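Undergrad: File data14.pdb below, PDB, C-alpha atoms:
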ATOM      1  CA  MET A   1      19.792  -3.675  41.369
ATOM      2  CA  THR A   2      17.429  -5.875  43.356
ATOM      3  CA  LEU A   3      15.710  -2.741  44.645
ATOM      4  CA  THR A   4      15.070  -1.571  41.080
ATOM      5  CA  ALA A   5      13.459  -4.928  40.308
ATOM      6  CA  ILE A   6      11.340  -4.683  43.471
ATOM      7  CA  ILE A   7      10.156  -1.211  42.443
ATOM      8  CA  PHE A   8       9.195  -2.439  38.963
ATOM      9  CA  ALA A   9       7.399  -5.443  40.467
ATOM     10  CA  GLY A  10       5.616  -3.052  42.825
ATOM     11  CA  ILE A  11       4.521  -0.727  40.031
ATOM     12  CA  LEU A  12       3.285  -3.685  38.004
ATOM     13  CA  THR A  13       1.370  -5.053  41.001
ATOM     14  CA  TYR A  14      -0.150  -1.630  41.696
ATOM     15  CA  PHE A  15      -1.329  -1.438  38.086
ATOM     16  CA  THR A  16      -3.073  -4.818  38.399
ATOM     17  CA  ARG A  17      -4.934  -3.394  41.414
ATOM     18  CA  MET A  18      -5.694   0.030  40.003
ATOM     19  CA  THR A  19      -6.473  -0.537  36.309
ATOM     20  CA  MET A  20      -9.984  -1.949  36.562
ATOM     21  CA  ILE A  21     -11.002   0.224  39.512
ATOM     22  CA  ALA A  22      -9.807   3.594  38.219
ATOM     23  CA  LEU A  23      -9.804   3.297  34.448
ATOM     24  CA  ILE A  24     -12.923   1.244  33.704
ATOM     25  CA  SER A  25     -16.369   2.741  34.126
ATOM     26  CA  ARG A  26     -19.454   0.724  34.857
ATOM     27  CA  ASP A  27     -20.982   1.309  31.434
ATOM     28  CA  MET A  28     -18.031  -0.347  29.738
ATOM     29  CA  LEU A  29     -19.042  -3.688  31.263
ATOM     30  CA  GLY A  30     -22.236  -5.163  29.815
ATOM     31  CA  ASP A  31     -24.825  -7.098  31.807
ATOM     32  CA  LYS A  32     -23.508 -10.410  30.542
ATOM     33  CA  ILE A  33     -19.980  -9.669  31.718
ATOM     34  CA  LYS A  34     -21.299  -8.515  35.082
ATOM     35  CA  ALA A  35     -23.205 -11.785  35.438
ATOM     36  CA  VAL A  36     -20.015 -13.741  34.748
ATOM     37  CA  LEU A  37     -18.064 -11.582  37.216
ATOM     38  CA  GLU A  38     -20.404 -12.840  39.950
ATOM     39  CA  TYR A  39     -18.347 -16.023  39.756
ATOM     40  CA  VAL A  40     -14.956 -14.370  40.335
ATOM     41  CA  PRO A  41     -14.401 -15.655  43.908
ATOM     42  CA  SER A  42     -15.336 -19.216  42.903
ATOM     43  CA  ALA A  43     -13.203 -18.954  39.763
ATOM     44  CA  VAL A  44     -10.056 -17.536  41.422
ATOM     45  CA  PHE A  45      -9.612 -18.916  44.941
ATOM     46  CA  PRO A  46      -9.501 -22.636  44.063
ATOM     47  CA  ALA A  47      -6.305 -21.791  42.107
ATOM     48  CA  ILE A  48      -4.785 -20.947  45.496
ATOM     49  CA  ILE A  49      -6.535 -23.743  47.433
ATOM     50  CA  PHE A  50      -5.835 -26.772  45.206
ATOM     51  CA  PRO A  51      -2.064 -26.310  44.727
ATOM     52  CA  GLY A  52      -1.801 -25.406  48.449
ATOM     53  CA  ILE A  53      -3.193 -28.822  49.301
ATOM     54  CA  PHE A  54      -2.165 -31.174  46.507
ATOM     55  CA  ILE A  55       1.298 -29.889  45.596
ATOM     56  CA  ASN A  56       4.200 -29.974  48.048
ATOM     57  CA  ASP A  57       7.109 -27.556  48.492
ATOM     58  CA  PHE A  58       9.078 -29.321  45.766
ATOM     59  CA  GLY A  59       6.397 -28.795  43.136
ATOM     60  CA  THR A  60       5.274 -32.430  42.919
ATOM     61  CA  PHE A  61       1.943 -34.080  43.705
ATOM     62  CA  ILE A  62       1.403 -35.375  47.224
ATOM     63  CA  GLU A  63       0.366 -38.959  48.046
ATOM     64  CA  MET A  64      -3.358 -39.663  48.224
ATOM     65  CA  ASN A  65      -3.071 -40.393  51.969
ATOM     66  CA  ASP A  66      -1.400 -37.054  52.743
ATOM     67  CA  PRO A  67      -2.657 -35.449  55.995
ATOM     68  CA  LYS A  68      -3.360 -32.191  54.121
ATOM     69  CA  ILE A  69      -6.198 -33.825  52.174
ATOM     70  CA  PHE A  70      -7.810 -34.936  55.423
ATOM     71  CA  GLY A  71      -7.266 -31.502  57.023
ATOM     72  CA  ALA A  72      -8.841 -29.759  54.031
ATOM     73  CA  LEU A  73     -11.886 -32.071  54.104
ATOM     74  CA  VAL A  74     -12.393 -31.397  57.812
ATOM     75  CA  ALA A  75     -12.098 -27.645  57.113
ATOM     76  CA  VAL A  76     -14.727 -27.866  54.348
ATOM     77  CA  ILE A  77     -17.187 -29.742  56.575
ATOM     78  CA  VAL A  78     -16.654 -27.526  59.635
ATOM     79  CA  GLY A  79     -16.743 -24.384  57.477
ATOM     80  CA  TYR A  80     -19.921 -25.435  55.702
ATOM     81  CA  PHE A  81     -21.872 -25.963  58.905
ATOM     82  CA  SER A  82     -20.293 -23.403  61.247
ATOM     83  CA  LYS A  83     -20.035 -20.515  58.730
ATOM     84  CA  ASN A  84     -17.148 -19.378  60.930
ATOM     85  CA  ILE A  85     -13.727 -18.509  59.525
ATOM     86  CA  ILE A  86     -11.720 -19.130  62.697
ATOM     87  CA  ALA A  87     -13.450 -22.467  63.257
ATOM     88  CA  THR A  88     -12.717 -23.488  59.653
ATOM     89  CA  ILE A  89      -9.004 -22.654  59.785
ATOM     90  CA  SER A  90      -8.515 -24.120  63.276
ATOM     91  CA  ALA A  91     -10.370 -27.333  62.465
ATOM     92  CA  GLY A  92      -8.232 -27.858  59.375
ATOM     93  CA  LEU A  93      -4.968 -27.141  61.193
ATOM     94  CA  VAL A  94      -5.789 -29.188  64.296
ATOM     95  CA  SER A  95      -6.884 -32.246  62.322
ATOM     96  CA  TYR A  96      -3.736 -31.908  60.177
ATOM     97  CA  TRP A  97      -1.540 -31.678  63.305
ATOM     98  CA  PHE A  98      -3.375 -34.616  64.879
ATOM     99  CA  LEU A  99      -2.417 -36.752  61.901
ATOM    100  CA  ILE A 100       1.223 -35.662  61.587
ATOM    101  CA  PHE A 101       2.047 -35.548  65.319
ATOM    102  CA  VAL A 102      -0.142 -38.293  66.807
ATOM    103  CA  VAL A 103      -1.174 -40.810  64.170
ATOM    104  CA  PHE A 104       1.850 -40.890  61.862
ATOM    105  CA  ASN A 105       4.346 -40.454  64.672
TER     106      ASN A 105
ATOM    107  CA  MET B   1     -27.376   4.186  56.863
ATOM    108  CA  LEU B   2     -24.060   3.344  58.485
ATOM    109  CA  SER B   3     -21.421   5.982  59.219
ATOM    110  CA  LYS B   4     -17.949   5.921  57.690
ATOM    111  CA  LYS B   5     -16.494   4.836  61.010
ATOM    112  CA  GLN B   6     -19.021   2.022  61.408
ATOM    113  CA  LEU B   7     -18.269   0.718  57.922
ATOM    114  CA  PHE B   8     -14.514   0.909  58.486
ATOM    115  CA  THR B   9     -14.865  -1.007  61.764
ATOM    116  CA  ARG B  10     -17.125  -3.566  60.106
ATOM    117  CA  GLY B  11     -14.468  -4.108  57.439
ATOM    118  CA  MET B  12     -11.794  -4.566  60.102
ATOM    119  CA  LEU B  13     -13.954  -7.099  61.949
ATOM    120  CA  ASP B  14     -14.865  -8.977  58.766
ATOM    121  CA  ILE B  15     -11.262  -9.560  57.736
ATOM    122  CA  SER B  16      -9.676 -10.061  61.161
ATOM    123  CA  PRO B  17     -10.371 -13.838  61.418
ATOM    124  CA  HIS B  18      -8.172 -14.293  58.338
ATOM    125  CA  MET B  19      -5.215 -12.890  60.294
ATOM    126  CA  LEU B  20      -5.015 -16.335  61.906
ATOM    127  CA  SER B  21      -3.433 -17.520  58.659
ATOM    128  CA  VAL B  22      -2.019 -14.230  57.336
ATOM    129  CA  ILE B  23       0.216 -13.476  60.330
ATOM    130  CA  PRO B  24       2.066 -16.838  60.444
ATOM    131  CA  PHE B  25       2.425 -16.690  56.652
ATOM    132  CA  GLY B  26       3.848 -13.157  56.848
ATOM    133  CA  ILE B  27       6.377 -14.260  59.465
ATOM    134  CA  ILE B  28       7.409 -17.164  57.231
ATOM    135  CA  CYS B  29       7.721 -14.824  54.193
ATOM    136  CA  GLY B  30       9.969 -12.417  56.095
ATOM    137  CA  ALA B  31      12.132 -15.192  57.500
ATOM    138  CA  ILE B  32      12.523 -16.951  54.117
ATOM    139  CA  GLY B  33      13.711 -13.701  52.504
ATOM    140  CA  VAL B  34      16.520 -13.296  55.016
ATOM    141  CA  GLU B  35      17.386 -17.023  54.881
ATOM    142  CA  LEU B  36      17.738 -16.772  51.097
ATOM    143  CA  GLY B  37      20.471 -14.197  51.754
ATOM    144  CA  PHE B  38      18.741 -10.935  50.885
ATOM    145  CA  HIS B  39      19.353  -7.754  52.835
ATOM    146  CA  PRO B  40      16.665  -7.314  55.514
ATOM    147  CA  TYR B  41      15.824  -3.828  54.205
ATOM    148  CA  LEU B  42      15.141  -5.233  50.737
ATOM    149  CA  VAL B  43      12.959  -8.014  52.136
ATOM    150  CA  TYR B  44      10.934  -5.458  54.069
ATOM    151  CA  ALA B  45      10.798  -3.033  51.120
ATOM    152  CA  MET B  46       8.840  -5.709  49.252
ATOM    153  CA  SER B  47       6.071  -5.785  51.857
ATOM    154  CA  PHE B  48       5.664  -2.051  51.410
ATOM    155  CA  ILE B  49       6.223  -1.710  47.659
ATOM    156  CA  ILE B  50       4.719  -4.943  46.313
ATOM    157  CA  PHE B  51       2.441  -5.849  49.269
ATOM    158  CA  GLY B  52       1.493  -9.174  47.744
ATOM    159  CA  GLY B  53       1.917 -12.307  49.882
ATOM    160  CA  ALA B  54       3.043 -15.300  47.871
ATOM    161  CA  SER B  55       4.380 -13.186  44.982
ATOM    162  CA  GLN B  56       7.060 -11.805  47.331
ATOM    163  CA  ILE B  57       8.381 -15.294  48.149
ATOM    164  CA  VAL B  58       8.327 -16.321  44.488
ATOM    165  CA  PHE B  59      10.238 -13.159  43.541
ATOM    166  CA  LEU B  60      13.060 -13.841  46.009
ATOM    167  CA  GLN B  61      13.186 -17.565  45.263
ATOM    168  CA  LEU B  62      13.550 -16.859  41.547
ATOM    169  CA  LEU B  63      16.307 -14.284  42.067
ATOM    170  CA  SER B  64      18.235 -16.469  44.510
ATOM    171  CA  GLY B  65      17.842 -19.389  42.087
ATOM    172  CA  GLY B  66      19.674 -17.368  39.447
ATOM    173  CA  ALA B  67      16.727 -16.183  37.356
ATOM    174  CA  SER B  68      17.012 -12.758  35.706
ATOM    175  CA  SER B  69      15.280  -9.742  37.243
ATOM    176  CA  LEU B  70      13.038  -9.602  34.199
ATOM    177  CA  VAL B  71      11.734 -13.116  34.849
ATOM    178  CA  ALA B  72      11.207 -12.323  38.540
ATOM    179  CA  VAL B  73       9.340  -9.076  37.796
ATOM    180  CA  ALA B  74       7.209 -10.739  35.105
ATOM    181  CA  SER B  75       6.287 -13.555  37.492
ATOM    182  CA  VAL B  76       5.144 -11.087  40.153
ATOM    183  CA  GLY B  77       3.038  -9.293  37.533
ATOM    184  CA  ILE B  78       1.432 -12.528  36.360
ATOM    185  CA  ILE B  79       0.778 -13.877  39.863
ATOM    186  CA  ASN B  80      -0.830 -10.579  40.847
ATOM    187  CA  SER B  81      -2.824 -10.170  37.638
ATOM    188  CA  ARG B  82      -5.765 -11.804  39.437
ATOM    189  CA  HIS B  83      -6.323  -8.351  41.002
ATOM    190  CA  LEU B  84      -7.630  -7.254  37.592
ATOM    191  CA  LEU B  85     -10.595  -9.550  38.185
ATOM    192  CA  TYR B  86     -11.140  -8.202  41.700
ATOM    193  CA  GLY B  87     -11.012  -4.650  40.329
ATOM    194  CA  ALA B  88     -13.571  -5.464  37.648
ATOM    195  CA  VAL B  89     -15.958  -6.742  40.332
ATOM    196  CA  LEU B  90     -15.325  -3.851  42.729
ATOM    197  CA  SER B  91     -15.503  -1.094  40.103
ATOM    198  CA  GLU B  92     -19.297  -1.294  40.172
ATOM    199  CA  TYR B  93     -19.361  -0.296  43.841
ATOM    200  CA  LEU B  94     -16.583   2.287  43.672
ATOM    201  CA  GLU B  95     -17.654   4.169  40.558
ATOM    202  CA  LYS B  96     -18.890   7.251  42.424
ATOM    203  CA  LEU B  97     -15.485   7.908  43.995
ATOM    204  CA  SER B  98     -13.164  10.586  42.647
ATOM    205  CA  PHE B  99     -10.234   9.476  40.505
ATOM    206  CA  ILE B 100      -7.723  10.259  43.282
ATOM    207  CA  LYS B 101      -9.672   8.217  45.826
ATOM    208  CA  LYS B 102      -9.792   5.313  43.386
ATOM    209  CA  LEU B 103      -6.027   5.522  42.949
ATOM    210  CA  LEU B 104      -5.469   5.500  46.717
ATOM    211  CA  ILE B 105      -7.935   2.737  47.569
ATOM    212  CA  SER B 106      -6.437   0.476  44.884
ATOM    213  CA  TYR B 107      -3.230   0.051  46.887
ATOM    214  CA  VAL B 108      -5.021  -1.892  49.644
ATOM    215  CA  VAL B 109      -7.031  -4.319  47.485
ATOM    216  CA  VAL B 110      -5.985  -7.831  48.587
ATOM    217  CA  ASP B 111      -7.484 -11.320  48.175
ATOM    218  CA  GLN B 112      -9.156 -11.659  51.562
ATOM    219  CA  GLY B 113     -10.196  -7.984  51.652
ATOM    220  CA  PHE B 114     -11.789  -8.280  48.223
ATOM    221  CA  ALA B 115     -13.587 -11.472  49.256
ATOM    222  CA  GLU B 116     -15.034 -10.097  52.499
ATOM    223  CA  SER B 117     -15.849  -6.608  51.169
ATOM    224  CA  ASN B 118     -17.497  -8.091  48.068
ATOM    225  CA  LYS B 119     -19.732 -10.233  50.294
ATOM    226  CA  PHE B 120     -20.645  -7.136  52.316
ATOM    227  CA  PHE B 121     -21.219  -4.989  49.210
ATOM    228  CA  LYS B 122     -23.644  -7.496  47.720
ATOM    229  CA  LYS B 123     -25.841  -7.358  50.818
ATOM    230  CA  ASN B 124     -25.575  -3.596  51.408
ATOM    231  CA  ARG B 125     -25.660  -2.050  47.941
ATOM    232  CA  ASN B 126     -27.373   1.128  49.065
ATOM    233  CA  GLU B 127     -24.914   2.296  51.702
ATOM    234  CA  GLU B 128     -23.450   5.669  50.760
ATOM    235  CA  PHE B 129     -19.906   5.159  52.059
ATOM    236  CA  LEU B 130     -19.476   1.495  51.068
ATOM    237  CA  HIS B 131     -15.817   2.018  50.186
ATOM    238  CA  TYR B 132     -14.973   2.505  53.864
ATOM    239  CA  HIS B 133     -15.572  -1.202  54.336
ATOM    240  CA  LEU B 134     -12.918  -1.926  51.715
ATOM    241  CA  ILE B 135     -10.549   0.567  53.363
ATOM    242  CA  GLY B 136     -11.183  -1.239  56.669
ATOM    243  CA  THR B 137     -10.358  -4.685  55.285
ATOM    244  CA  GLY B 138      -7.394  -3.387  53.283
ATOM    245  CA  CYS B 139      -5.793  -1.352  56.074
ATOM    246  CA  THR B 140      -6.151  -4.182  58.581
ATOM    247  CA  MET B 141      -4.431  -6.492  56.139
ATOM    248  CA  TRP B 142      -1.730  -3.902  55.399
ATOM    249  CA  VAL B 143      -0.862  -3.285  59.069
ATOM    250  CA  CYS B 144      -0.829  -6.995  59.943
ATOM    251  CA  TRP B 145       1.252  -7.864  56.876
ATOM    252  CA  GLN B 146       3.866  -5.196  57.669
ATOM    253  CA  ILE B 147       4.134  -6.265  61.314
ATOM    254  CA  ALA B 148       4.201  -9.987  60.464
ATOM    255  CA  THR B 149       6.862  -9.778  57.728
ATOM    256  CA  LEU B 150       8.949  -7.388  59.867
ATOM    257  CA  SER B 151       8.876  -9.797  62.804
ATOM    258  CA  GLY B 152       9.885 -12.648  60.497
ATOM    259  CA  ILE B 153      12.786 -10.553  59.196
ATOM    260  CA  VAL B 154      13.981  -9.435  62.645
ATOM    261  CA  LEU B 155      13.333 -12.574  64.678
ATOM    262  CA  GLY B 156      13.884 -15.204  61.997
ATOM    263  CA  SER B 157      11.574 -18.184  61.587
ATOM    264  CA  PHE B 158      10.410 -18.429  65.193
ATOM    265  CA  VAL B 159       7.350 -20.239  63.906
ATOM    266  CA  PRO B 160       8.432 -23.915  63.977
ATOM    267  CA  GLU B 161       8.574 -25.297  60.465
ATOM    268  CA  GLU B 162       7.191 -28.680  61.600
ATOM    269  CA  LEU B 163       3.817 -27.023  62.225
ATOM    270  CA  GLY B 164       3.378 -26.632  58.466
ATOM    271  CA  LEU B 165       1.601 -23.310  58.907
ATOM    272  CA  LYS B 166       1.709 -22.546  55.194
ATOM    273  CA  PHE B 167      -1.239 -24.954  55.080
ATOM    274  CA  ALA B 168      -3.301 -22.224  56.785
ATOM    275  CA  ILE B 169      -3.368 -20.302  53.480
ATOM    276  CA  PRO B 170      -5.499 -22.800  51.516
ATOM    277  CA  LEU B 171      -7.649 -23.156  54.652
ATOM    278  CA  THR B 172      -8.347 -19.415  54.809
ATOM    279  CA  PHE B 173      -9.549 -19.493  51.193
ATOM    280  CA  ILE B 174     -11.650 -22.588  51.872
ATOM    281  CA  ALA B 175     -13.393 -20.529  54.565
ATOM    282  CA  ILE B 176     -14.105 -17.851  51.930
ATOM    283  CA  VAL B 177     -15.707 -20.053  49.252
ATOM    284  CA  VAL B 178     -17.187 -22.885  51.333
ATOM    285  CA  GLN B 179     -20.717 -21.446  51.527
ATOM    286  CA  ASP B 180     -20.911 -21.331  47.732
ATOM    287  CA  LEU B 181     -20.690 -25.135  47.698
ATOM    288  CA  LYS B 182     -24.480 -24.963  48.174
ATOM    289  CA  LYS B 183     -24.821 -23.832  44.551
ATOM    290  CA  LEU B 184     -24.146 -26.413  41.869
ATOM    291  CA  ASP B 185     -23.001 -23.838  39.281
ATOM    292  CA  HIS B 186     -20.403 -22.480  41.705
ATOM    293  CA  VAL B 187     -19.227 -26.000  42.538
ATOM    294  CA  ILE B 188     -18.650 -26.674  38.831
ATOM    295  CA  VAL B 189     -16.721 -23.400  38.443
ATOM    296  CA  MET B 190     -14.599 -24.134  41.528
ATOM    297  CA  ILE B 191     -13.723 -27.653  40.411
ATOM    298  CA  THR B 192     -12.854 -26.379  36.927
ATOM    299  CA  CYS B 193     -10.507 -23.786  38.410
ATOM    300  CA  GLY B 194      -8.958 -26.183  40.921
ATOM    301  CA  LEU B 195      -8.282 -28.951  38.414
ATOM    302  CA  SER B 196      -6.932 -26.457  35.854
ATOM    303  CA  SER B 197      -4.554 -25.063  38.459
ATOM    304  CA  LEU B 198      -3.103 -28.539  39.047
ATOM    305  CA  LEU B 199      -2.967 -29.254  35.316
ATOM    306  CA  PHE B 200      -1.182 -25.993  34.482
ATOM    307  CA  PHE B 201       0.889 -25.820  37.667
ATOM    308  CA  ASP B 202       4.141 -26.142  35.723
ATOM    309  CA  ALA B 203       3.247 -23.472  33.147
ATOM    310  CA  PRO B 204       5.911 -20.746  32.988
ATOM    311  CA  PHE B 205       5.864 -17.674  35.279
ATOM    312  CA  LYS B 206       3.356 -19.316  37.667
ATOM    313  CA  SER B 207       0.729 -18.419  35.084
ATOM    314  CA  TYR B 208      -1.609 -21.192  36.347
ATOM    315  CA  ILE B 209      -2.869 -18.611  38.818
ATOM    316  CA  ILE B 210      -4.491 -16.565  36.045
ATOM    317  CA  ILE B 211      -4.987 -19.282  33.382
ATOM    318  CA  SER B 212      -7.257 -21.370  35.619
ATOM    319  CA  PRO B 213      -9.568 -18.481  36.631
ATOM    320  CA  ILE B 214      -9.955 -17.542  32.957
ATOM    321  CA  ILE B 215     -10.906 -21.131  32.062
ATOM    322  CA  ALA B 216     -13.282 -21.246  35.046
ATOM    323  CA  LEU B 217     -14.936 -17.961  34.003
ATOM    324  CA  PHE B 218     -15.468 -19.338  30.485
ATOM    325  CA  VAL B 219     -17.213 -22.318  32.055
ATOM    326  CA  ALA B 220     -19.259 -19.883  34.167
ATOM    327  CA  ALA B 221     -20.306 -18.044  30.994
ATOM    328  CA  LEU B 222     -21.353 -21.356  29.415
ATOM    329  CA  LEU B 223     -23.355 -22.279  32.519
ATOM    330  CA  LEU B 224     -25.145 -18.915  32.405
ATOM    331  CA  ARG B 225     -26.088 -19.570  28.794
ATOM    332  CA  LEU B 226     -27.399 -23.053  29.662
ATOM    333  CA  LYS B 227     -29.491 -21.654  32.523
ATOM    334  CA  LYS B 228     -31.536 -19.475  30.146
TER     335      LYS B 228
END
As structure tokens, please, write out the structure in this file.

TA:
Amino acid sequence: MTLTAIIFAGILTYFTRMTMIALISRDMLGDKIKAVLEYVPSAVFPAIIFPGIFINDFGTFIEMNDPKIFGALVAVIVGYFSKNIIATISAGLVSYWFLIFVVFN
Amino acid sequence: MLSKKQLFTRGMLDISPHMLSVIPFGIICGAIGVELGFHPYLVYAMSFIIFGGASQIVFLQLLSGGASSLVAVASVGIINSRHLLYGAVLSEYLEKLSFIKKLLISYVVVDQGFAESNKFFKKNRNEEFLHYHLIGTGCTMWVCWQIATLSGIVLGSFVPEELGLKFAIPLTFIAIVVQDLKKLDHVIVMITCGLSSLLFFDAPFKSYIIISPIIALFVAALLLRLKK
């Protein structure tokens, strides 16, 4: 029963991946739409970033002094200047750990 | 002109830093599935059949919380509908491929792979075998995701929960978009999306994940009109 649901979820997910790549040809998208599509990364990823920072595991907003906000700010600054993915992730995690294990402990 | 092998390797290298967040997250996903009481084979089957990070956790959490299969399947579909946008962007670079190749390559399109390959595609439009970069990012992600979720399933949550490693996921996406903070129009689009996602967080079926990008793209269209 669960396996059937997993298979349906898998087929549905595959269709979200395949539809635009395999069934849409370039000519079907006008220049205006292509210009808007330039913004896709900026328009999609904050929907993963913001809830990941500001909403906790119980689905409620975090406090304004939550260590995650600080960690994310450090990651933005380090990422902006270093242009390095590993440095960005590590800086965010380390500053977050510093706050939860050293400062708030 | 780069060879197929060079492009594949470049794709692997471009996505590998993201494994710093993907691997712990995969371990957590696998471990949560077993903790929620699902058969280990089913939990692993999801990594192979769905192959979609957060949507796998949501699926199991909904089912274990008593939701119907229909609700769980619909939620996975809605969470993963953002791939439609990735596909629309990538289709321009993949149009020369045969239909079969398009069908095969689609299976490995993931968030981080799309992001890194799209950056590469924009700078190297004229390469003949561009799609090998996407295969490189996608396959790297696929292998790491299978190994990570499997280890979480077999070994349990050996990543200490106190470390809060789920926080690495927003950080990995910060690393992807942070350079676009130089452009005011992108900053406006990002803030629109981020605030919308918080505003619509409680919308049914986790639909905030596709509602907020649509709102943000409307704002992007308005900005383009203002620029002219």

Undergrad: Tell me, as a list in words, which residues lie within 10 Å of Leu163 (chain B), counting all atoms listed in the file; anything in the same chain fewer than 5 positions away does not count.

TA: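 Close residues of Leu163 (chain B): Leu93, Tyr96, Trp97, Ile100 and Phe101 of chain A.
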
Undergrad: Would you export the selected residues with C-alpha atoms as a PDB file, keeping the file's coordinate frame, please?

TA:
ATOM      1  CA  LEU A  93      -4.968 -27.141  61.193  1.00  0.00           C
ATOM      2  CA  TYR A  96      -3.736 -31.908  60.177  1.00  0.00           C
ATOM      3  CA  TRP A  97      -1.540 -31.678  63.305  1.00  0.00           C
ATOM      4  CA  ILE A 100       1.223 -35.662  61.587  1.00  0.00           C
ATOM      5  CA  PHE A 101       2.047 -35.548  65.319  1.00  0.00           C
TER       6      PHE A 101
END

Undergrad: Show me which bits of chain A are within 7 Å of chain B, counting all atoms listed in the file, as an MDAnalysis selection string.

TA: chainID A and resid 3 5:10 12:14 16:22 25:26 36:37 39:53 72 75:76 79:80 85:86 88:89 92:93

Undergrad: Work out how far apart CA of Cys144 (chain B) and CA of Gly26 (chain B) are and give it in Å to one decimal.

TA: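 Interatomic distance, CA of Cys144 (chain B) to CA of Gly26 (chain B): 8.3 Å.
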
Undergrad: Please compute the CA of Tyr132 (chain B)-CA of Gln6 (chain B) distance, one decimal, in Å.

TA: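 CA of Gln6 (chain B) lies 8.6 Å from CA of Tyr132 (chain B).
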
Undergrad: CA of Asn56 (chain A) and CA of Pro160 (chain B) are how many Å apart?

TA: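 Answer for the CA of Asn56 (chain A) to CA of Pro160 (chain B) separation: 17.6 Å.
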
Undergrad: Compare B:Lys227, B:Lys206, B:His133, B:Lys183 by their minimum atom-to-atom distance to Thr9 (chain B), counting all atoms listed in the file, and give me the closest one.

TA: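 Looking only at the distances to Thr9 (chain B), the closest residue turns out to be B:His133.
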